[in-house]
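Participant: If it helps, the file is called target36.cif and holds mmCIF, C-alpha atoms:
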data_structure
loop_
_atom_site.label_atom_id
_atom_site.label_comp_id
_atom_site.auth_asym_id
_atom_site.auth_seq_id
_atom_site.Cartn_x
_atom_site.Cartn_y
_atom_site.Cartn_z
CA MET A 1 91.35 -44.52 75.33
CA THR A 2 92.40 -41.75 77.72
CA HIS A 3 90.34 -39.39 79.82
CA ASP A 4 91.19 -35.70 79.83
CA ASP A 5 90.03 -33.94 82.99
CA ASP A 6 90.08 -30.55 81.24
CA HIS A 7 86.96 -31.48 79.27
CA THR A 8 83.36 -31.10 80.36
CA SER A 9 81.58 -34.34 81.16
CA TRP A 10 77.95 -35.13 81.76
CA GLU A 11 76.04 -38.18 82.96
CA ARG A 12 72.25 -38.33 82.99
CA HIS A 13 71.78 -39.05 86.68
CA SER A 14 74.40 -36.67 88.04
CA GLY A 15 74.90 -34.04 85.36
CA THR A 16 73.38 -30.57 85.21
CA ALA A 17 71.87 -28.64 82.33
CA PRO A 18 74.84 -26.21 82.22
CA GLU A 19 77.24 -29.17 81.90
CA LEU A 20 75.17 -30.64 79.07
CA ARG A 21 75.06 -27.23 77.40
CA GLY A 22 78.87 -27.33 77.51
CA ILE A 23 78.81 -30.70 75.76
CA PHE A 24 76.43 -29.39 73.08
CA ALA A 25 78.74 -26.37 72.61
CA GLY A 26 81.32 -28.79 71.22
CA VAL A 27 79.14 -29.49 68.20
CA PRO A 28 79.43 -26.81 65.49
CA ALA A 29 76.17 -25.78 63.84
CA PRO A 30 75.12 -23.29 61.15
CA VAL A 31 73.14 -20.27 62.30
CA ALA A 32 69.79 -19.74 60.59
CA ALA A 33 67.37 -16.83 60.92
CA LEU A 34 63.72 -17.72 60.31
CA CYS A 35 61.86 -14.55 59.39
CA ALA A 36 58.42 -13.50 58.19
CA THR A 37 56.03 -10.60 58.28
CA VAL A 38 53.66 -11.02 61.22
CA GLY A 39 50.94 -8.49 62.00
CA GLY A 40 52.38 -5.97 59.55
CA GLY A 41 55.96 -6.09 60.86
CA PRO A 42 59.03 -8.30 60.75
CA GLU A 43 59.50 -11.19 63.17
CA SER A 44 62.55 -13.41 63.56
CA PHE A 45 63.73 -16.55 65.29
CA VAL A 46 67.41 -17.50 65.27
CA ALA A 47 68.34 -21.18 65.46
CA SER A 48 71.69 -22.89 65.81
CA SER A 49 69.91 -26.22 65.46
CA PHE A 50 69.32 -25.96 61.71
CA VAL A 51 69.74 -29.38 60.07
CA PRO A 52 69.18 -30.67 56.52
CA VAL A 53 66.89 -33.71 56.83
CA SER A 54 65.84 -35.10 53.44
CA LEU A 55 66.36 -34.64 49.70
CA ASP A 56 63.03 -36.22 48.72
CA PRO A 57 60.95 -34.50 49.89
CA PRO A 58 63.30 -31.54 50.45
CA LEU A 59 63.21 -31.00 54.23
CA VAL A 60 65.19 -29.16 56.88
CA SER A 61 64.52 -28.92 60.59
CA VAL A 62 65.05 -26.58 63.51
CA CYS A 63 64.53 -27.13 67.21
CA VAL A 64 62.43 -24.62 69.11
CA ARG A 65 62.21 -24.27 72.88
CA THR A 66 58.75 -25.23 74.11
CA GLY A 67 56.88 -22.09 75.07
CA SER A 68 58.86 -19.71 72.84
CA ALA A 69 56.75 -16.58 72.39
CA THR A 70 58.56 -15.72 69.16
CA TRP A 71 57.90 -19.13 67.67
CA ALA A 72 54.24 -18.84 68.70
CA ARG A 73 54.01 -15.77 66.44
CA LEU A 74 55.88 -17.35 63.50
CA ARG A 75 54.31 -20.81 63.50
CA GLY A 76 51.09 -19.54 61.94
CA CYS A 77 52.83 -18.09 58.86
CA SER A 78 52.17 -19.81 55.56
CA ARG A 79 55.80 -19.23 54.48
CA LEU A 80 59.01 -18.62 56.39
CA GLY A 81 62.22 -17.20 55.03
CA VAL A 82 65.21 -19.17 56.23
CA SER A 83 68.54 -17.38 55.96
CA VAL A 84 71.70 -19.33 56.82
CA LEU A 85 73.83 -16.40 57.89
CA GLU A 86 77.09 -15.61 56.13
CA ARG A 87 80.42 -15.55 57.98
CA GLY A 88 80.35 -11.74 58.32
CA GLN A 89 76.80 -11.66 59.74
CA SER A 90 77.30 -12.94 63.30
CA HIS A 91 76.34 -9.50 64.62
CA LEU A 92 72.97 -9.93 62.85
CA ALA A 93 72.41 -13.27 64.59
CA ARG A 94 72.75 -11.58 67.98
CA ARG A 95 70.57 -8.68 66.92
CA LEU A 96 67.77 -10.78 65.38
CA ALA A 97 67.75 -13.12 68.39
CA SER A 98 67.33 -10.26 70.85
CA ARG A 99 64.04 -9.08 72.28
CA ALA A 100 64.86 -5.42 71.64
CA PRO A 101 62.01 -3.57 69.94
CA ASP A 102 64.44 -2.03 67.42
CA ARG A 103 66.25 -5.30 66.57
CA PHE A 104 65.44 -4.89 62.85
CA ALA A 105 66.95 -1.39 62.62
CA GLY A 106 69.79 -1.48 60.12
CA VAL A 107 69.07 -5.09 59.07
CA ASP A 108 68.65 -5.35 55.31
CA LEU A 109 65.67 -7.68 54.82
CA VAL A 110 64.30 -8.83 51.47
CA GLU A 111 60.60 -9.71 51.32
CA GLY A 112 59.39 -12.74 49.41
CA ALA A 113 56.07 -13.15 47.61
CA GLU A 114 54.17 -14.61 50.58
CA GLY A 115 55.47 -12.60 53.54
CA GLU A 116 58.68 -14.56 54.06
CA LEU A 117 61.69 -12.40 54.83
CA PHE A 118 65.36 -13.03 54.05
CA VAL A 119 68.52 -11.48 55.41
CA ALA A 120 70.29 -9.85 52.45
CA GLY A 121 73.68 -11.38 51.74
CA ALA A 122 72.99 -14.65 53.56
CA ALA A 123 75.03 -17.72 52.54
CA VAL A 124 71.83 -19.67 51.78
CA THR A 125 68.18 -18.62 51.60
CA MET A 126 65.11 -20.86 51.49
CA THR A 127 61.39 -20.30 51.29
CA CYS A 128 59.83 -22.94 53.51
CA SER A 129 56.49 -24.03 54.89
CA ILE A 130 55.95 -25.95 58.11
CA THR A 131 55.20 -29.57 57.27
CA GLY A 132 55.20 -31.11 60.74
CA THR A 133 56.45 -31.04 64.30
CA ALA A 134 57.54 -33.58 66.88
CA PRO A 135 57.89 -33.15 70.64
CA ALA A 136 61.49 -33.51 71.84
CA GLY A 137 61.96 -32.97 75.57
CA ASP A 138 61.91 -29.26 76.37
CA HIS A 139 61.96 -28.48 72.64
CA GLU A 140 59.89 -29.17 69.56
CA ILE A 141 61.44 -30.31 66.28
CA VAL A 142 59.95 -28.33 63.41
CA PHE A 143 60.16 -29.84 59.92
CA LEU A 144 60.23 -27.33 57.07
CA LEU A 145 59.47 -28.18 53.45
CA ILE A 146 61.81 -26.29 51.10
CA GLU A 147 59.89 -24.67 48.26
CA ARG A 148 62.68 -22.52 46.83
CA ALA A 149 66.35 -22.26 47.74
CA ARG A 150 69.40 -20.29 46.68
CA ALA A 151 73.06 -20.55 47.66
CA GLY A 152 74.96 -17.27 47.83
CA GLY A 153 77.67 -17.83 45.26
CA GLY A 154 80.39 -19.31 47.46
CA ALA A 155 79.50 -17.37 50.60
CA GLU A 156 80.52 -19.27 53.72
CA PRO A 157 78.20 -19.66 56.70
CA VAL A 158 78.89 -18.49 60.21
CA VAL A 159 78.85 -21.40 62.67
CA PHE A 160 78.08 -21.53 66.37
CA HIS A 161 80.67 -23.56 68.28
CA GLY A 162 81.97 -23.35 71.81
CA SER A 163 79.20 -20.84 72.63
CA ARG A 164 80.73 -18.43 70.12
CA PHE A 165 80.17 -17.48 66.51
CA ARG A 166 83.03 -18.70 64.34
CA ARG A 167 84.13 -18.85 60.74
CA LEU A 168 85.04 -21.98 58.83
CA SER A 169 88.67 -22.39 57.92
CA ARG A 170 89.44 -21.77 54.29
CA GLU A 171 92.23 -24.36 54.46
CA PRO A 172 91.04 -27.58 52.79
CA LEU A 173 91.74 -30.99 54.24
CA ALA A 174 94.57 -32.98 52.73
CA PRO A 175 93.43 -35.57 50.16
CA ALA A 176 94.31 -38.33 52.64
CA ASP A 177 91.55 -36.93 54.93
CA TRP A 178 88.82 -37.04 52.28
CA TRP A 179 86.07 -39.59 52.48
CA PRO A 180 84.79 -40.49 48.99
CA LEU A 181 81.05 -40.10 48.50
CA SER A 182 80.94 -43.65 47.14
CA GLU A 183 81.76 -44.89 50.67
CA TRP A 184 78.91 -42.98 52.39
CA GLN A 185 76.13 -45.31 53.39
#
Can you dump the structure from the file as structure tokens?

Facilitator:
Amino acid sequence: MTHDDDHTSWERHSGTAPELRGIFAGVPAPVAALCATVGGGPESFVASSFVPVSLDPPLVSVCVRTGSATWARLRGCSRLGVSVLERGQSHLARRLASRAPDRFAGVDLVEGAEGELFVAGAAVTMTCSITGTAPAGDHEIVFLLIERARAGGGAEPVVFHGSRFRRLSREPLAPADWWPLSEWQ
């Protein structure tokens, strides 16, 4: 095994948060907007920590910074709209994550039956309810029960990697690089 000095490294007792953030930046993640109507208007939280958790029951999770004012407003909603943003919607991720009062201007939102909101054209949309939370350092893991879900007909998600929004490659792996599902344990 070789060591490449051009890479970021981090060790618990000597590393800094910015160095660890650099390590985390090496892990690609889908970008999800959690949206709902709160107090008569739209509210949104954008997460790059969206993770499928379980098929039975159908669960996903997001990580939320402890003390997030936005999450404090959303956590009381009975339903949240989760929109995994499509590859052409990275500009919406930035906009919805901002604190600007007009951040919803020009964003095409679709309202669900119970106040959940979805970003039109998203790669995946889900109606979810909060089923539990767990403390996790300076964050909280929020578990969301999927009540309804829809995939956007082949739309590809935008991913966050290297502190930038990126698109997945359309080039498939060679068959020699496949890992058969029968071998997954």

Participant: Interatomic distance between CA of Val60 in chain A and CA of Asp102 in chain A?

Facilitator: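 Spanning CA of Val60 in chain A to CA of Asp102 in chain A is a straight-line distance of 29.1 Å.
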
Participant: My list of candidates is A:His91, A:Arg150, A:His139, A:Arg103. Which is closest to Thr125 in chain A when distances are computed with only C-alpha atoms?

Facilitator: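 Ranking A:His91, A:Arg150, A:His139, A:Arg103 by distance to Thr125 in chain A, first place goes to A:Arg150.
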
Participant: Applying 9 Å and only C-alpha atoms, which residues near Phe45 in chain A remain after dropping the ones on its own chain fewer than 4 positions away? List them as a list of chain:residue names.

Facilitator: A:Ala32, A:Ala33, A:Leu34, A:Cys35, A:Thr70, A:Trp71, A:Leu74, A:Leu96, A:Ala97

Participant: Hey, which of A:Ser78, A:Val158, A:Leu144, A:Arg99 ends up closest to Ser54 in chain A? Count only C-alpha atoms.

Facilitator: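 Smallest distance to Ser54 in chain A is found for A:Leu144.
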
Participant: Evaluate the PyMOL selection byres ((chain A and resi 124) around 6) against this structure - the residues, as a PyMOL selection string, please.

Facilitator: chain A and resi 83-84+122-123+125+150-152

Participant: Would you compute the distance between CA of Gly154 in chain A and CA of Ser49 in chain A? Give it in Å to one decimal.

Facilitator: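 Spanning CA of Gly154 in chain A to CA of Ser49 in chain A is a straight-line distance of 21.9 Å.
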
Participant: Could you jot down the CA of Cys63 in chain A to CA of Gly88 in chain A separation for me, Å, one decimal place?

Facilitator: 23.8 Å

Participant: Find the residues near Pro30 in chain A: any atom within 9 Å, counting all atoms listed in the file, skip ones fewer than 6 places away on the same chain, and give them as a list in words.

Facilitator: Ala47, Ser48, Ser49, Phe50, Val51, Val84, Leu85, Pro157, Val158, Val159 and Phe160 of chain A

Participant: Could you write out the selected residues, including C-alpha atoms, as a PDB file, keeping the file's coordinate frame?

Facilitator:
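Writing done, so here's selection33.pdb:
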ATOM      1  CA  ALA A  47      68.340 -21.180  65.460  1.00  0.00           C
ATOM      2  CA  SER A  48      71.690 -22.890  65.810  1.00  0.00           C
ATOM      3  CA  SER A  49      69.910 -26.220  65.460  1.00  0.00           C
ATOM      4  CA  PHE A  50      69.320 -25.960  61.710  1.00  0.00           C
ATOM      5  CA  VAL A  51      69.740 -29.380  60.070  1.00  0.00           C
ATOM      6  CA  VAL A  84      71.700 -19.330  56.820  1.00  0.00           C
ATOM      7  CA  LEU A  85      73.830 -16.400  57.890  1.00  0.00           C
ATOM      8  CA  PRO A 157      78.200 -19.660  56.700  1.00  0.00           C
ATOM      9  CA  VAL A 158      78.890 -18.490  60.210  1.00  0.00           C
ATOM     10  CA  VAL A 159      78.850 -21.400  62.670  1.00  0.00           C
ATOM     11  CA  PHE A 160      78.080 -21.530  66.370  1.00  0.00           C
TER      12      PHE A 160
END

Participant: For the structure shown, which residues end up in the PyMOL selection byres ((chain A and resi 134) around 12)? Put them as a list in words, please?

Facilitator: Ser61, Val62, Cys63, Val64, Thr66, Ile130, Thr131, Gly132, Thr133, Pro135, Ala136, Gly137, Asp138, His139, Glu140, Ile141, Val142, Phe143 and Leu144 of chain A

Participant: Which residues would end up in the selection if the PyMOL selection byres ((chain A and resi 42) around 10) were applied here, given that I need the answer as a CSV table (one decimal) with C-alpha atoms, in the coordinates of the input?

Facilitator:
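In the end it all went to part10.csv:
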chain,number,residue,atom,x,y,z
A,35,CYS,CA,61.9,-14.6,59.4
A,36,ALA,CA,58.4,-13.5,58.2
A,37,THR,CA,56.0,-10.6,58.3
A,38,VAL,CA,53.7,-11.0,61.2
A,39,GLY,CA,50.9,-8.5,62.0
A,40,GLY,CA,52.4,-6.0,59.6
A,41,GLY,CA,56.0,-6.1,60.9
A,43,GLU,CA,59.5,-11.2,63.2
A,44,SER,CA,62.6,-13.4,63.6
A,74,LEU,CA,55.9,-17.4,63.5
A,103,ARG,CA,66.2,-5.3,66.6
A,104,PHE,CA,65.4,-4.9,62.8
A,109,LEU,CA,65.7,-7.7,54.8
A,111,GLU,CA,60.6,-9.7,51.3
A,115,GLY,CA,55.5,-12.6,53.5
A,116,GLU,CA,58.7,-14.6,54.1
A,117,LEU,CA,61.7,-12.4,54.8

Participant: Take the point (58.7, -27.6, 46.2) as written in the file and pick out every residue within 10 Å of it, counting only C-alpha atoms; give the list as number ranges by chain.

Facilitator: A: 56-59, 127-129, 145-149

Participant: So, counting all atoms listed in the file, which residue among A:Val82, A:Ala93, A:Ala69, A:Val53 is closest to Val107 in chain A?

Facilitator: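 The answer is A:Ala93, which sits nearest to Val107 in chain A.
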
Participant: For a quick check of understanding, using only C-alpha atoms, which of A:Gly112, A:Pro52, A:Gly121, A:Pro101 has the smallest distance to Arg87 in chain A?

Facilitator: A:Gly121

Participant: Return the single residue from A:Ala72, A:Val46, A:Ala155, A:Val31 that is closest to Ser98 in chain A, with distances computed using only C-alpha atoms.

Facilitator: A:Val46
